[in-house]
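Engineer: Provided herewith: target.tsv, TSV, C-alpha atoms and all ligand atoms.
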chain	number	residue	atom	x	y	z
W	1455	MET	CA	-116.99	36.97	-20.67
W	1456	ARG	CA	-114.98	34.79	-23.01
W	1457	GLU	CA	-111.68	33.41	-21.82
W	1458	GLY	CA	-109.61	34.90	-24.65
W	1459	TYR	CA	-106.79	33.81	-26.92
W	1460	ARG	CA	-103.97	31.83	-25.31
W	1461	ARG	CA	-100.64	32.33	-26.96
W	1462	PRO	CA	-98.62	29.13	-27.27
W	1463	ILE	CA	-95.41	28.92	-25.24
W	1464	PRO	CA	-92.49	27.54	-27.26
W	1465	ALA	CA	-90.45	24.74	-25.66
W	1466	THR	CA	-87.44	27.03	-26.09
W	1467	TRP	CA	-88.87	29.80	-23.88
W	1468	TRP	CA	-85.80	29.61	-21.66
W	1469	LEU	CA	-83.51	30.49	-24.55
W	1470	GLN	CA	-85.36	33.70	-25.30
W	1471	LYS	CA	-84.03	35.70	-22.41
W	1472	ARG	CA	-80.56	35.66	-20.87
W	1473	SER	CA	-81.92	35.68	-17.34
W	1474	TYR	CA	-84.14	32.65	-18.09
W	1475	SER	CA	-81.14	30.78	-19.56
W	1476	LEU	CA	-79.03	31.57	-16.49
W	1477	PHE	CA	-81.88	30.32	-14.31
W	1478	MET	CA	-82.00	27.06	-16.27
W	1479	LEU	CA	-78.24	26.73	-15.90
W	1480	ARG	CA	-78.62	27.16	-12.14
W	1481	GLU	CA	-81.27	24.44	-12.09
W	1482	PHE	CA	-79.07	22.19	-14.24
W	1483	THR	CA	-76.10	22.54	-11.87
W	1484	SER	CA	-78.22	20.69	-9.28
W	1485	VAL	CA	-77.52	17.51	-11.27
W	1486	PHE	CA	-73.82	17.96	-10.48
W	1487	VAL	CA	-74.48	18.84	-6.84
W	1488	GLY	CA	-76.55	15.67	-6.37
W	1489	GLY	CA	-74.26	13.60	-8.58
W	1490	TYR	CA	-71.15	14.62	-6.68
W	1491	ALA	CA	-72.79	13.92	-3.33
W	1492	PHE	CA	-73.52	10.41	-4.62
W	1493	PHE	CA	-69.92	10.08	-5.82
W	1494	LEU	CA	-68.66	11.00	-2.35
W	1495	LEU	CA	-70.83	8.26	-0.83
W	1496	VAL	CA	-69.35	5.73	-3.26
W	1497	LEU	CA	-65.86	7.02	-2.47
W	1498	VAL	CA	-66.36	6.56	1.27
W	1499	SER	CA	-67.80	3.07	0.85
W	1500	ARG	CA	-64.92	2.00	-1.46
W	1501	ALA	CA	-62.36	3.41	0.97
W	1502	GLN	CA	-63.47	0.81	3.53
W	1503	ASP	CA	-61.92	-1.91	1.42
W	1504	PRO	CA	-58.25	-1.10	0.49
W	1505	ALA	CA	-58.09	-3.88	-2.11
W	1506	SER	CA	-60.87	-2.60	-4.32
W	1507	PHE	CA	-59.90	1.01	-3.62
W	1508	ALA	CA	-56.68	0.75	-5.59
W	1509	SER	CA	-58.43	0.12	-8.89
W	1510	PHE	CA	-61.04	2.77	-8.07
W	1511	TYR	CA	-58.22	5.24	-7.35
W	1512	GLU	CA	-56.63	4.46	-10.70
W	1513	ALA	CA	-59.90	5.11	-12.52
W	1514	LEU	CA	-60.14	8.45	-10.72
W	1515	MET	CA	-56.80	9.48	-12.19
W	1516	SER	CA	-57.98	9.00	-15.78
W	1517	PRO	CA	-58.22	12.14	-17.95
W	1518	LEU	CA	-61.99	11.69	-18.27
W	1519	SER	CA	-62.40	11.64	-14.51
W	1520	ILE	CA	-60.25	14.76	-14.15
W	1521	VAL	CA	-62.27	16.61	-16.77
W	1522	LEU	CA	-65.48	15.58	-14.99
W	1523	HIS	CA	-64.08	16.78	-11.67
W	1524	VAL	CA	-63.14	20.17	-13.08
W	1525	LEU	CA	-66.58	20.46	-14.67
W	1526	ALA	CA	-68.29	19.43	-11.42
W	1527	LEU	CA	-66.23	22.00	-9.51
W	1528	ALA	CA	-67.31	24.78	-11.89
W	1529	MET	CA	-70.97	23.72	-11.72
W	1530	VAL	CA	-71.02	23.39	-7.94
W	1531	LEU	CA	-69.30	26.77	-7.54
W	1532	TYR	CA	-71.87	28.42	-9.83
W	1533	HIS	CA	-74.66	26.76	-7.86
W	1534	THR	CA	-73.21	27.86	-4.53
W	1535	VAL	CA	-72.47	31.45	-5.51
W	1536	THR	CA	-75.86	32.04	-7.15
W	1537	TRP	CA	-77.58	30.46	-4.16
W	1538	LEU	CA	-75.66	32.43	-1.54
W	1539	ASN	CA	-76.32	35.65	-3.47
W	1540	LEU	CA	-80.04	35.00	-3.10
W	1541	THR	CA	-79.96	34.53	0.68
W	1542	PRO	CA	-80.73	38.22	1.45
W	1543	LYS	CA	-84.10	37.71	-0.24
W	1544	VAL	CA	-84.98	34.91	2.16
W	1545	VAL	CA	-83.43	35.95	5.45
W	1546	ILE	CA	-84.69	39.29	6.67
W	1547	VAL	CA	-83.40	40.62	9.97
W	1548	TRP	CA	-85.08	43.73	11.34
W	1549	ARG	CA	-83.43	46.25	13.62
W	1550	GLY	CA	-86.19	48.69	14.47
W	1551	GLU	CA	-87.37	50.23	11.21
W	1552	GLN	CA	-84.31	49.11	9.25
W	1553	LYS	CA	-83.51	45.80	7.58
W	1554	LEU	CA	-80.01	44.44	7.95
W	1555	ALA	CA	-78.18	45.27	4.66
W	1556	PRO	CA	-78.26	42.48	2.05
W	1557	PHE	CA	-74.45	42.27	1.87
W	1558	VAL	CA	-74.30	41.51	5.60
W	1559	ILE	CA	-76.69	38.56	5.20
W	1560	ALA	CA	-74.92	37.26	2.09
W	1561	GLY	CA	-71.53	37.96	3.69
W	1562	ALA	CA	-72.45	35.92	6.77
W	1563	HIS	CA	-73.40	33.00	4.54
W	1564	TYR	CA	-70.15	33.26	2.56
W	1565	LEU	CA	-68.21	33.29	5.83
W	1566	LEU	CA	-70.07	30.21	7.02
W	1567	TRP	CA	-69.32	28.52	3.71
W	1568	LEU	CA	-65.60	29.30	3.96
W	1569	VAL	CA	-65.40	28.11	7.57
W	1570	THR	CA	-67.23	24.86	6.74
W	1571	SER	CA	-65.07	24.26	3.67
W	1572	GLY	CA	-61.94	24.97	5.74
W	1573	ALA	CA	-63.10	22.49	8.37
W	1574	VAL	CA	-63.68	19.81	5.71
W	1575	VAL	CA	-60.23	20.41	4.17
W	1576	TRP	CA	-58.65	20.20	7.63
W	1577	LEU	CA	-60.54	16.98	8.37
W	1578	VAL	CA	-59.48	15.36	5.10
W	1579	LEU	CA	-55.82	16.37	5.30
W	1580	SER	CA	-55.28	15.53	8.97
N	984	MET	CA	-80.95	61.45	-30.92
N	985	ALA	CA	-83.55	62.76	-33.33
N	986	SER	CA	-83.98	66.51	-33.29
N	987	ALA	CA	-86.36	67.44	-36.09
N	988	SER	CA	-90.02	66.92	-35.36
N	989	ALA	CA	-90.18	64.94	-38.60
N	990	ALA	CA	-88.42	62.04	-36.90
N	991	THR	CA	-90.55	58.96	-36.64
N	992	GLN	CA	-90.48	55.60	-34.96
N	993	VAL	CA	-92.15	52.34	-35.88
N	994	LEU	CA	-94.38	50.47	-33.46
N	995	GLU	CA	-95.14	46.85	-34.27
N	996	VAL	CA	-98.36	46.23	-32.45
N	997	PHE	CA	-99.98	42.89	-31.61
N	998	ARG	CA	-103.47	42.83	-33.09
N	999	TYR	CA	-106.20	40.35	-32.33
N	1000	SER	CA	-109.87	40.68	-33.02
N	1001	PRO	CA	-111.81	37.55	-32.06
N	1002	GLU	CA	-114.69	38.33	-34.45
N	1003	GLN	CA	-112.42	38.84	-37.47
N	1004	ASP	CA	-109.32	36.74	-37.17
N	1005	PRO	CA	-108.84	33.47	-35.36
N	1006	GLU	CA	-105.08	34.13	-35.13
N	1007	PRO	CA	-103.35	37.32	-34.00
N	1008	HIS	CA	-100.93	39.25	-36.20
N	1009	PHE	CA	-98.63	42.25	-35.96
N	1010	GLN	CA	-99.40	45.61	-37.49
N	1011	SER	CA	-96.80	48.35	-37.98
N	1012	TYR	CA	-97.50	52.03	-37.38
N	1013	GLU	CA	-95.10	54.87	-38.00
N	1014	VAL	CA	-95.61	57.44	-35.27
N	1015	PRO	CA	-93.94	60.82	-34.68
N	1016	PHE	CA	-90.91	60.55	-32.43
N	1017	HIS	CA	-90.79	62.88	-29.45
N	1018	ASP	CA	-88.11	62.84	-26.85
N	1019	ASP	CA	-90.62	63.01	-24.04
N	1020	TRP	CA	-93.09	60.47	-25.41
N	1021	VAL	CA	-93.66	57.15	-23.76
N	1022	VAL	CA	-94.99	54.05	-25.54
N	1023	LEU	CA	-98.43	54.82	-24.17
N	1024	ASP	CA	-98.36	58.27	-25.85
N	1025	ALA	CA	-97.56	56.54	-29.13
N	1026	LEU	CA	-100.43	54.05	-28.66
N	1027	ASN	CA	-102.83	56.89	-27.84
N	1028	HIS	CA	-101.61	58.72	-30.93
N	1029	ILE	CA	-102.37	55.66	-33.05
N	1030	LYS	CA	-105.81	55.28	-31.49
N	1031	ASP	CA	-106.69	58.98	-31.84
N	1032	ARG	CA	-105.17	59.77	-35.25
N	1033	MET	CA	-104.42	56.63	-37.17
N	1034	ASP	CA	-106.52	53.62	-36.26
N	1035	TRP	CA	-109.43	53.91	-33.87
N	1036	SER	CA	-109.85	50.14	-33.78
N	1037	LEU	CA	-106.71	49.65	-31.66
N	1038	THR	CA	-107.68	48.58	-28.15
N	1039	HIS	CA	-105.51	49.07	-25.06
N	1040	ARG	CA	-105.93	49.85	-21.37
N	1041	TRP	CA	-104.61	52.85	-19.52
N	1042	SER	CA	-105.71	55.42	-17.01
N	1043	CYS	CA	-103.35	57.48	-14.86
N	1044	ARG	CA	-100.35	57.94	-17.19
N	1045	MET	CA	-98.14	58.19	-14.12
N	1046	GLY	CA	-97.32	54.71	-12.88
N	1047	VAL	CA	-100.05	54.59	-10.25
N	1048	CYS	CA	-103.08	52.75	-11.61
N	1049	GLY	CA	-101.25	49.70	-12.95
N	1050	SER	CA	-103.49	49.31	-16.01
N	1051	CYS	CA	-101.05	50.02	-18.88
N	1052	GLY	CA	-98.76	46.99	-18.48
N	1053	MET	CA	-97.65	45.39	-21.78
N	1054	MET	CA	-94.68	43.58	-23.25
N	1055	VAL	CA	-92.34	46.14	-24.79
N	1056	ASN	CA	-89.71	44.37	-26.90
N	1057	GLY	CA	-90.35	41.27	-24.82
N	1058	GLU	CA	-90.02	42.96	-21.42
N	1059	ALA	CA	-92.99	43.47	-19.12
N	1060	LYS	CA	-93.30	47.25	-18.67
N	1061	LEU	CA	-95.69	49.97	-17.71
N	1062	THR	CA	-96.09	51.65	-21.09
N	1063	CYS	CA	-96.55	55.01	-19.38
N	1064	ALA	CA	-93.02	54.66	-18.05
N	1065	ALA	CA	-91.31	53.24	-21.16
N	1066	PHE	CA	-89.78	56.11	-23.17
N	1067	LEU	CA	-89.52	55.92	-26.95
N	1068	ARG	CA	-86.07	57.50	-26.70
N	1069	ASP	CA	-84.74	54.39	-24.96
N	1070	TYR	CA	-85.48	52.37	-28.12
N	1071	TYR	CA	-85.03	54.96	-30.87
N	1072	PRO	CA	-84.44	54.53	-33.77
N	1073	LYS	CA	-85.17	50.80	-33.62
N	1074	PRO	CA	-88.79	49.64	-33.95
N	1075	ILE	CA	-90.68	48.83	-30.77
N	1076	ARG	CA	-92.72	45.64	-30.53
N	1077	VAL	CA	-95.76	45.99	-28.27
N	1078	GLU	CA	-97.64	42.89	-27.11
N	1079	PRO	CA	-100.17	42.08	-24.40
N	1080	LEU	CA	-98.79	40.79	-21.09
N	1081	THR	CA	-97.42	37.25	-21.46
N	1082	GLY	CA	-99.15	34.44	-19.59
N	1083	PHE	CA	-102.67	35.86	-19.83
N	1084	PRO	CA	-105.34	35.15	-22.44
N	1085	VAL	CA	-105.88	38.03	-24.87
N	1086	LEU	CA	-109.37	39.48	-25.22
N	1087	ARG	CA	-108.57	41.98	-27.95
N	1088	ASP	CA	-105.34	43.57	-29.22
N	1089	LEU	CA	-103.39	44.61	-26.13
N	1090	VAL	CA	-106.12	43.87	-23.61
N	1091	ILE	CA	-105.71	40.75	-21.49
N	1092	ASN	CA	-108.23	38.82	-19.43
N	1093	MET	CA	-107.27	39.44	-15.80
N	1094	ASP	CA	-110.03	37.39	-14.16
N	1095	ASP	CA	-107.53	34.79	-12.99
N	1096	PHE	CA	-105.49	37.36	-11.08
N	1097	MET	CA	-108.64	38.81	-9.50
N	1098	GLU	CA	-109.69	35.35	-8.33
N	1099	LYS	CA	-106.27	34.74	-6.85
N	1100	LEU	CA	-106.45	37.93	-4.83
N	1101	VAL	CA	-109.65	36.51	-3.30
N	1102	GLN	CA	-108.09	33.07	-2.74
N	1103	VAL	CA	-105.24	34.51	-0.68
N	1104	LYS	CA	-107.67	36.79	1.21
N	1105	SER	CA	-105.71	39.92	0.45
N	1106	TRP	CA	-107.47	42.06	3.01
N	1107	LEU	CA	-107.08	42.74	6.69
N	1108	ILE	CA	-108.53	40.06	8.97
N	1109	PRO	CA	-108.54	41.87	12.31
N	1110	LYS	CA	-107.41	40.18	15.52
N	1111	GLU	CA	-110.56	41.21	17.32
N	1112	PRO	CA	-113.68	43.01	16.14
N	1113	ARG	CA	-113.78	46.59	17.33
N	1114	GLU	CA	-116.43	49.25	17.51
N	1115	LEU	CA	-115.71	52.60	15.89
N	1116	SER	CA	-115.93	54.16	19.34
N	1117	GLN	CA	-112.94	52.08	20.44
N	1118	GLY	CA	-110.78	54.14	18.14
N	1119	GLU	CA	-108.21	53.17	15.53
N	1120	TYR	CA	-105.91	50.17	15.36
N	1121	ARG	CA	-102.60	51.71	16.30
N	1122	GLN	CA	-99.30	50.75	14.79
N	1123	SER	CA	-95.71	51.86	15.36
N	1124	PRO	CA	-93.40	52.93	12.52
N	1125	ALA	CA	-91.37	49.74	13.07
N	1126	GLU	CA	-94.54	47.63	12.70
N	1127	LEU	CA	-95.44	49.53	9.53
N	1128	ALA	CA	-91.94	48.96	8.12
N	1129	ARG	CA	-92.42	45.15	8.28
N	1130	TYR	CA	-94.99	45.12	5.47
N	1131	LYS	CA	-94.77	48.53	3.81
N	1132	GLN	CA	-92.73	47.37	0.80
N	1133	PHE	CA	-95.31	44.68	-0.05
N	1134	SER	CA	-98.15	47.18	0.29
N	1135	MET	CA	-96.78	49.29	-2.58
N	1136	CYS	CA	-98.14	46.87	-5.19
N	1137	ILE	CA	-100.32	48.51	-7.86
N	1138	ASN	CA	-101.70	45.21	-9.28
N	1139	CYS	CA	-100.11	45.84	-12.65
N	1140	MET	CA	-99.40	42.10	-13.20
N	1141	LEU	CA	-95.99	42.74	-14.78
N	1142	CYS	CA	-94.59	40.19	-12.35
N	1143	TYR	CA	-96.97	37.51	-13.68
N	1144	ALA	CA	-95.97	38.34	-17.25
N	1145	ALA	CA	-92.29	37.91	-16.35
N	1146	CYS	CA	-92.85	34.60	-14.56
N	1147	PRO	CA	-92.27	31.49	-16.73
N	1148	VAL	CA	-93.76	29.29	-14.00
N	1149	TYR	CA	-97.07	31.14	-14.25
N	1150	ALA	CA	-97.01	31.00	-18.05
N	1151	LEU	CA	-96.58	27.22	-17.90
N	1152	HIS	CA	-98.87	26.51	-14.90
N	1153	THR	CA	-101.55	29.12	-14.52
N	1154	ASP	CA	-102.71	27.38	-11.32
N	1155	PHE	CA	-99.72	28.99	-9.62
N	1156	ILE	CA	-101.00	31.66	-7.21
N	1157	GLY	CA	-98.20	33.85	-8.50
N	1158	PRO	CA	-95.97	36.70	-7.35
N	1159	ALA	CA	-98.21	39.68	-6.59
N	1160	ALA	CA	-100.97	37.68	-4.85
N	1161	ILE	CA	-98.41	36.02	-2.58
N	1162	ALA	CA	-96.68	39.35	-1.90
N	1163	LEU	CA	-100.07	40.78	-0.94
N	1164	ALA	CA	-100.81	37.81	1.31
N	1165	GLN	CA	-97.47	38.49	3.01
N	1166	ARG	CA	-98.37	42.17	3.24
N	1167	TYR	CA	-101.30	41.23	5.52
N	1168	ASN	CA	-99.54	38.34	7.27
N	1169	LEU	CA	-96.84	40.74	8.42
N	1170	ASP	CA	-99.32	43.41	9.56
N	1171	SER	CA	-99.44	43.68	13.36
N	1172	ARG	CA	-103.22	44.25	13.22
N	1173	ASP	CA	-103.89	41.07	11.25
N	1174	ALA	CA	-104.67	37.55	12.44
N	1175	GLY	CA	-105.37	35.82	9.11
N	1176	GLU	CA	-102.10	33.96	8.50
N	1177	GLN	CA	-103.58	30.50	9.15
N	1178	GLN	CA	-106.51	31.21	6.83
N	1179	ARG	CA	-104.21	32.40	4.07
N	1180	ALA	CA	-101.84	29.45	4.52
N	1181	GLU	CA	-104.40	27.17	2.90
N	1182	ALA	CA	-103.85	28.91	-0.43
N	1183	ILE	CA	-100.27	30.10	-0.20
N	1184	GLN	CA	-98.70	27.03	1.44
N	1185	ALA	CA	-100.38	24.71	-1.08
N	1186	ASP	CA	-98.49	23.15	-4.00
N	1187	GLU	CA	-99.91	25.86	-6.27
N	1188	GLY	CA	-98.78	28.46	-3.76
N	1189	VAL	CA	-95.23	29.29	-2.76
N	1190	TRP	CA	-93.93	25.77	-3.43
N	1191	GLU	CA	-94.60	26.08	-7.15
N	1192	CYS	CA	-92.05	28.91	-7.29
N	1193	THR	CA	-88.57	27.92	-8.51
N	1194	PHE	CA	-87.11	31.36	-7.79
N	1195	VAL	CA	-86.42	32.56	-11.30
N	1196	GLY	CA	-86.49	36.04	-9.76
N	1197	GLU	CA	-87.70	37.93	-12.85
N	1198	CYS	CA	-90.85	39.13	-11.08
N	1199	SER	CA	-88.82	41.32	-8.77
N	1200	LYS	CA	-86.73	42.67	-11.64
N	1201	VAL	CA	-89.73	43.94	-13.62
N	1202	CYS	CA	-91.75	45.25	-10.67
N	1203	PRO	CA	-92.12	49.02	-11.12
N	1204	LYS	CA	-92.76	49.57	-7.41
N	1205	ASP	CA	-89.86	47.61	-5.97
N	1206	VAL	CA	-92.25	45.30	-4.15
N	1207	ASP	CA	-89.85	42.33	-4.47
N	1208	PRO	CA	-92.50	39.62	-4.84
N	1209	ALA	CA	-89.73	36.98	-5.26
N	1210	GLY	CA	-88.47	37.88	-1.80
N	1211	ALA	CA	-92.02	37.73	-0.40
N	1212	ILE	CA	-92.45	34.20	-1.80
N	1213	GLN	CA	-89.17	32.90	-0.36
N	1214	GLN	CA	-89.98	34.48	3.01
N	1215	ALA	CA	-93.39	32.81	2.94
N	1216	LYS	CA	-91.67	29.48	2.15
N	1217	MET	CA	-89.43	30.00	5.16
N	1218	ALA	CA	-92.40	30.85	7.40
N	1219	GLY	CA	-94.27	27.77	6.12
N	1220	ALA	CA	-91.27	25.50	6.70
N	1221	ILE	CA	-90.79	26.82	10.24
N	1222	ASP	CA	-94.50	26.22	10.98
N	1223	TRP	CA	-94.20	22.69	9.60
N	1224	TYR	CA	-91.24	21.87	11.83
N	1225	LYS	CA	-92.93	23.46	14.82
N	1226	ALA	CA	-95.96	21.23	14.28
N	1227	LEU	CA	-93.66	18.19	14.49
N	1228	LEU	CA	-92.52	19.14	17.97
N	1229	PRO	CA	-94.50	17.50	20.78
N	1230	ARG	CA	-95.78	20.79	22.18
N	1231	GLY	CA	-95.39	22.52	18.88
N	1232	LYS	CA	-98.87	23.40	17.66
N	1233	GLY	CA	-99.45	27.10	17.53
W	1601	LIG	S1	-95.76	43.05	-7.31
W	1601	LIG	FE1	-94.97	44.71	-8.60
W	1601	LIG	S2	-95.09	43.89	-10.69
W	1601	LIG	FE2	-96.40	42.59	-9.43
W	1601	LIG	S3	-98.44	43.48	-9.62
W	1601	LIG	FE3	-97.50	44.40	-7.80
W	1601	LIG	S4	-96.54	46.30	-8.53
W	1601	LIG	FE4	-96.99	45.05	-10.34
W	1602	LIG	S1	-101.45	54.37	-17.08
W	1602	LIG	FE1	-101.55	54.05	-14.91
W	1602	LIG	S2	-99.75	52.91	-14.52
W	1602	LIG	FE2	-99.53	53.43	-16.62
Using structure tokens, write down the structure from this file.
Structural biologist:
Amino acid sequence: MREGYRRPIPATWWLQKRSYSLFMLREFTSVFVGGYAFFLLVLVSRAQDPASFASFYEALMSPLSIVLHVLALAMVLYHTVTWLNLTPKVVIVWRGEQKLAPFVIAGAHYLLWLVTSGAVVWLVLS
Amino acid sequence: MASASAATQVLEVFRYSPEQDPEPHFQSYEVPFHDDWVVLDALNHIKDRMDWSLTHRWSCRMGVCGSCGMMVNGEAKLTCAAFLRDYYPKPIRVEPLTGFPVLRDLVINMDDFMEKLVQVKSWLIPKEPRELSQGEYRQSPAELARYKQFSMCINCMLCYAACPVYALHTDFIGPAAIALAQRYNLDSRDAGEQQRAEAIQADEGVWECTFVGECSKVCPKDVDPAGAIQQAKMAGAIDWYKALLPRGKG
């Protein structure tokens, strides 16, 4: 049998459906997640040396840096929320013939996230 | 909503005839609108009354056989379950399932999917051979519940058509085949997980999936192939870590 006609896939396939675009956005936010993790490493290493930290701190206060921080926050939040919402697809807990409800699984992850974030805030402020 | 029987609706149908045209084109047909007609009824009307050359697949007309899947206005759907009234009065664009080569008009070549079902060994590999006289393999309702959702698949391939990863890399084993592999992996009577791992834990298996999630949205049987793939990733990762432990194998 012949293989058949293959329809070309346009490079803009991900713009053709809202759900595909949102998926691409989720993938794109990974750049900010990784980028911010790298920034934190730089921050910690600079903090070791008070002399060089002062100028670094000043640069952080620039409008551009603040805009980038707000953007990074939005991106990381989108990444986190979309990821946590998917956890019930991955983690399945059986109780007899019933699965644990998806909101319980997602809820447990959100709780863990809040507790961890709280712990980090406490650590930084104390 | 249209009341008079004179109401009509336009179907823009993908046409491709390898002997006549090297490139496909769209052809419009004006069909009678009926409140209880599905897209498949309209296609059958075209074939029977307007243009016998139109080629499409169907069988059960009730969402069981899985052969009438097509793109309806860009969404992968069973055409026997897509009502004209949900689109009326706008035209409806009908195309063959995305991601598969087209043989003629709305008929795709499904060989690739069939081969993948074989690759993942989507059949029961019993723990031990048994004689008929030994009776049936028994299973509790709780054991049945573990895999029942994945066993509802009707092989309609809508999930493949919705998957951009498959469209871009047809090597990807894909949603339904992995869901079916999980269906047997989770079956208490089965012992084939290691054999299936070769295909589904490969790069072209679960790890190709980037969790777009559209497969589960279009699935008419609520199989949740996206979930099956992520659960298989989890099982594969746990096995991998276990193998790292000193006494871990097995
Ligand atoms: S998983 Fe769902 S969409 Fe995919 S082939 Fe099976 S029934 Fe069809
Ligand atoms: S004709 Fe059988 S599923 Fe539509």
Engineer: Sorted by chain and rising residue number, list the residues of chain N at most 10 Å from chain W (counting all atoms listed in the file), each with its closest atom pair and distance in Å to one decimal, as CSV.
Structural biologist:
residue,atom,partner,partner_atom,distance
N:Tyr999,CA,W:Tyr1459,CA,8.5
N:Ser1000,CA,W:Tyr1459,CA,9.7
N:Pro1001,CA,W:Tyr1459,CA,8.1
N:Pro1005,CA,W:Tyr1459,CA,8.7
N:Glu1006,CA,W:Tyr1459,CA,8.4
N:Pro1007,CA,W:Tyr1459,CA,8.6
N:Gly1057,CA,W:Lys1471,CA,8.8
N:Glu1058,CA,W:Lys1471,CA,9.5
N:Thr1081,CA,W:Arg1461,CA,8.1
N:Gly1082,CA,W:Arg1461,CA,7.8
N:Phe1083,CA,W:Arg1460,CA,6.9
N:Pro1084,CA,W:Arg1460,CA,4.6
N:Val1085,CA,W:Tyr1459,CA,4.8
N:Leu1086,CA,W:Gly1458,CA,4.6
N:Arg1087,CA,W:Gly1458,CA,7.9
N:Val1090,CA,W:Gly1458,CA,9.7
N:Ile1091,CA,W:Gly1458,CA,7.7
N:Asn1092,CA,W:Gly1458,CA,6.7
N:Met1093,CA,W:Glu1457,CA,9.6
N:Asp1094,CA,W:Glu1457,CA,8.8
N:Asp1095,CA,W:Glu1457,CA,9.9
N:Ser1123,CA,W:Glu1551,CA,9.5
N:Pro1124,CA,W:Glu1551,CA,6.7
N:Ala1125,CA,W:Glu1551,CA,4.4
N:Glu1126,CA,W:Glu1551,CA,7.8
N:Leu1127,CA,W:Glu1551,CA,8.3
N:Ala1128,CA,W:Glu1551,CA,5.7
N:Arg1129,CA,W:Glu1551,CA,7.7
N:Ala1145,CA,W:Tyr1474,CA,9.9
N:Cys1146,CA,W:Tyr1474,CA,9.6
N:Pro1147,CA,W:Trp1467,CA,8.1
N:Ala1150,CA,W:Ile1463,CA,7.7
N:Leu1151,CA,W:Ile1463,CA,7.6
N:Thr1193,CA,W:Glu1481,CA,8.8
N:Phe1194,CA,W:Phe1477,CA,8.4
N:Val1195,CA,W:Phe1477,CA,5.9
N:Gly1196,CA,W:Phe1477,CA,8.6
N:Glu1197,CA,W:Ser1473,CA,7.7
N:Asp1207,CA,W:Lys1543,CA,8.5
N:Pro1208,CA,W:Lys1543,CA,9.8
N:Ala1209,CA,W:Lys1543,CA,7.6
N:Gly1210,CA,W:Lys1543,CA,4.6
N:Ala1211,CA,W:Lys1543,CA,7.9
N:Ile1212,CA,W:Val1544,CA,8.5
N:Gln1213,CA,W:Val1544,CA,5.3
N:Gln1214,CA,W:Val1544,CA,5.1
N:Ala1215,CA,W:Val1544,CA,8.7
N:Lys1216,CA,W:Val1544,CA,8.6
N:Met1217,CA,W:Val1544,CA,7.3
N:Ala1218,CA,W:Val1544,CA,9.9
Engineer: Residues contacting ligand LIG 1601 (chain W) - anything with an atom at most 6 Å away, using only C-alpha atoms and all ligand atoms - can you give me those as a ChimeraX atom specification?
Structural biologist: /N:1136-1142,1159,1202-1204,1206,1208
Engineer: Report the distance between CA of Val1558 in chain W and CA of Thr1534 in chain W in Å, rounded to one decimal place.
Structural biologist: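 CA of Thr1534 in chain W lies at a distance of 17.0 Å from CA of Val1558 in chain W.
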Engineer: Hey, could you pull the box centre and edge lengths for ligand LIG 1602 (chain W), axis-aligned, 3 Å padding per side, all listed atoms, to one decimal in Å, as lines of an AutoDock Vina configuration file?
Structural biologist:
center_x = -100.5
center_y = 53.6
center_z = -15.8
size_x = 8.0
size_y = 7.5
size_z = 8.6
Engineer: So which one's closest to ligand LIG 1602 (chain W), N:Ala1226, N:Val996, N:Val1022, N:Cys1048? Using all atoms listed in the file, please.
Structural biologist: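 The shortest atom-to-atom distance to ligand LIG 1602 (chain W) comes from N:Cys1048.
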Engineer: Can I get the residues close to ligand LIG 1602 (chain W) as a compact mmCIF listing (two decimals) with C-alpha atoms, in the frame of the given file, where close means within 10 Å and we count all atoms listed in the file?
Structural biologist:
# COMPACT_ATOMS: atom_id res chain seq x y z
CA VAL N 1021 -93.66 57.15 -23.76
CA LEU N 1023 -98.43 54.82 -24.17
CA ARG N 1040 -105.93 49.85 -21.37
CA TRP N 1041 -104.61 52.85 -19.52
CA SER N 1042 -105.71 55.42 -17.01
CA CYS N 1043 -103.35 57.48 -14.86
CA ARG N 1044 -100.35 57.94 -17.19
CA MET N 1045 -98.14 58.19 -14.12
CA GLY N 1046 -97.32 54.71 -12.88
CA VAL N 1047 -100.05 54.59 -10.25
CA CYS N 1048 -103.08 52.75 -11.61
CA GLY N 1049 -101.25 49.70 -12.95
CA SER N 1050 -103.49 49.31 -16.01
CA CYS N 1051 -101.05 50.02 -18.88
CA GLY N 1052 -98.76 46.99 -18.48
CA MET N 1053 -97.65 45.39 -21.78
CA LYS N 1060 -93.30 47.25 -18.67
CA LEU N 1061 -95.69 49.97 -17.71
CA THR N 1062 -96.09 51.65 -21.09
CA CYS N 1063 -96.55 55.01 -19.38
CA ALA N 1064 -93.02 54.66 -18.05
CA ALA N 1065 -91.31 53.24 -21.16
CA ILE N 1137 -100.32 48.51 -7.86
CA ASN N 1138 -101.70 45.21 -9.28
CA CYS N 1139 -100.11 45.84 -12.65
CA PRO N 1203 -92.12 49.02 -11.12
Engineer: Tell me which protein, DNA and RNA residues are within 12 Å of range 1521-1524 of chain W, counting all atoms listed in the file, leaving out same-chain ones fewer than 5 positions away, and put them as JSON, numbers by chain.
Structural biologist: {"W": [1486, 1487, 1489, 1490, 1493, 1494, 1514, 1515, 1516, 1529, 1530, 1531]}
Engineer: As an exercise, work out the distance from CA of Leu1495 in chain W to CA of Ala1526 in chain W in Å and give it to one decimal place.
Structural biologist: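 Value for the CA of Leu1495 in chain W-CA of Ala1526 in chain W distance: 15.6 Å.
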Engineer: Any idea what's packed within 8 Å of Val1148 in chain N, counting only C-alpha atoms, ignoring anything in its chain fewer than 5 positions away? Could you give it as a list in words?
Structural biologist: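 With the cut-off at 8 Å, the set is Thr1153, Phe1155, Glu1191, Cys1192 and Thr1193 of chain N.
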Engineer: Could you tell me how far CA of Glu1078 in chain N sits from CA of His1008 in chain N, in Å to one decimal place?
Structural biologist: 10.3 Å
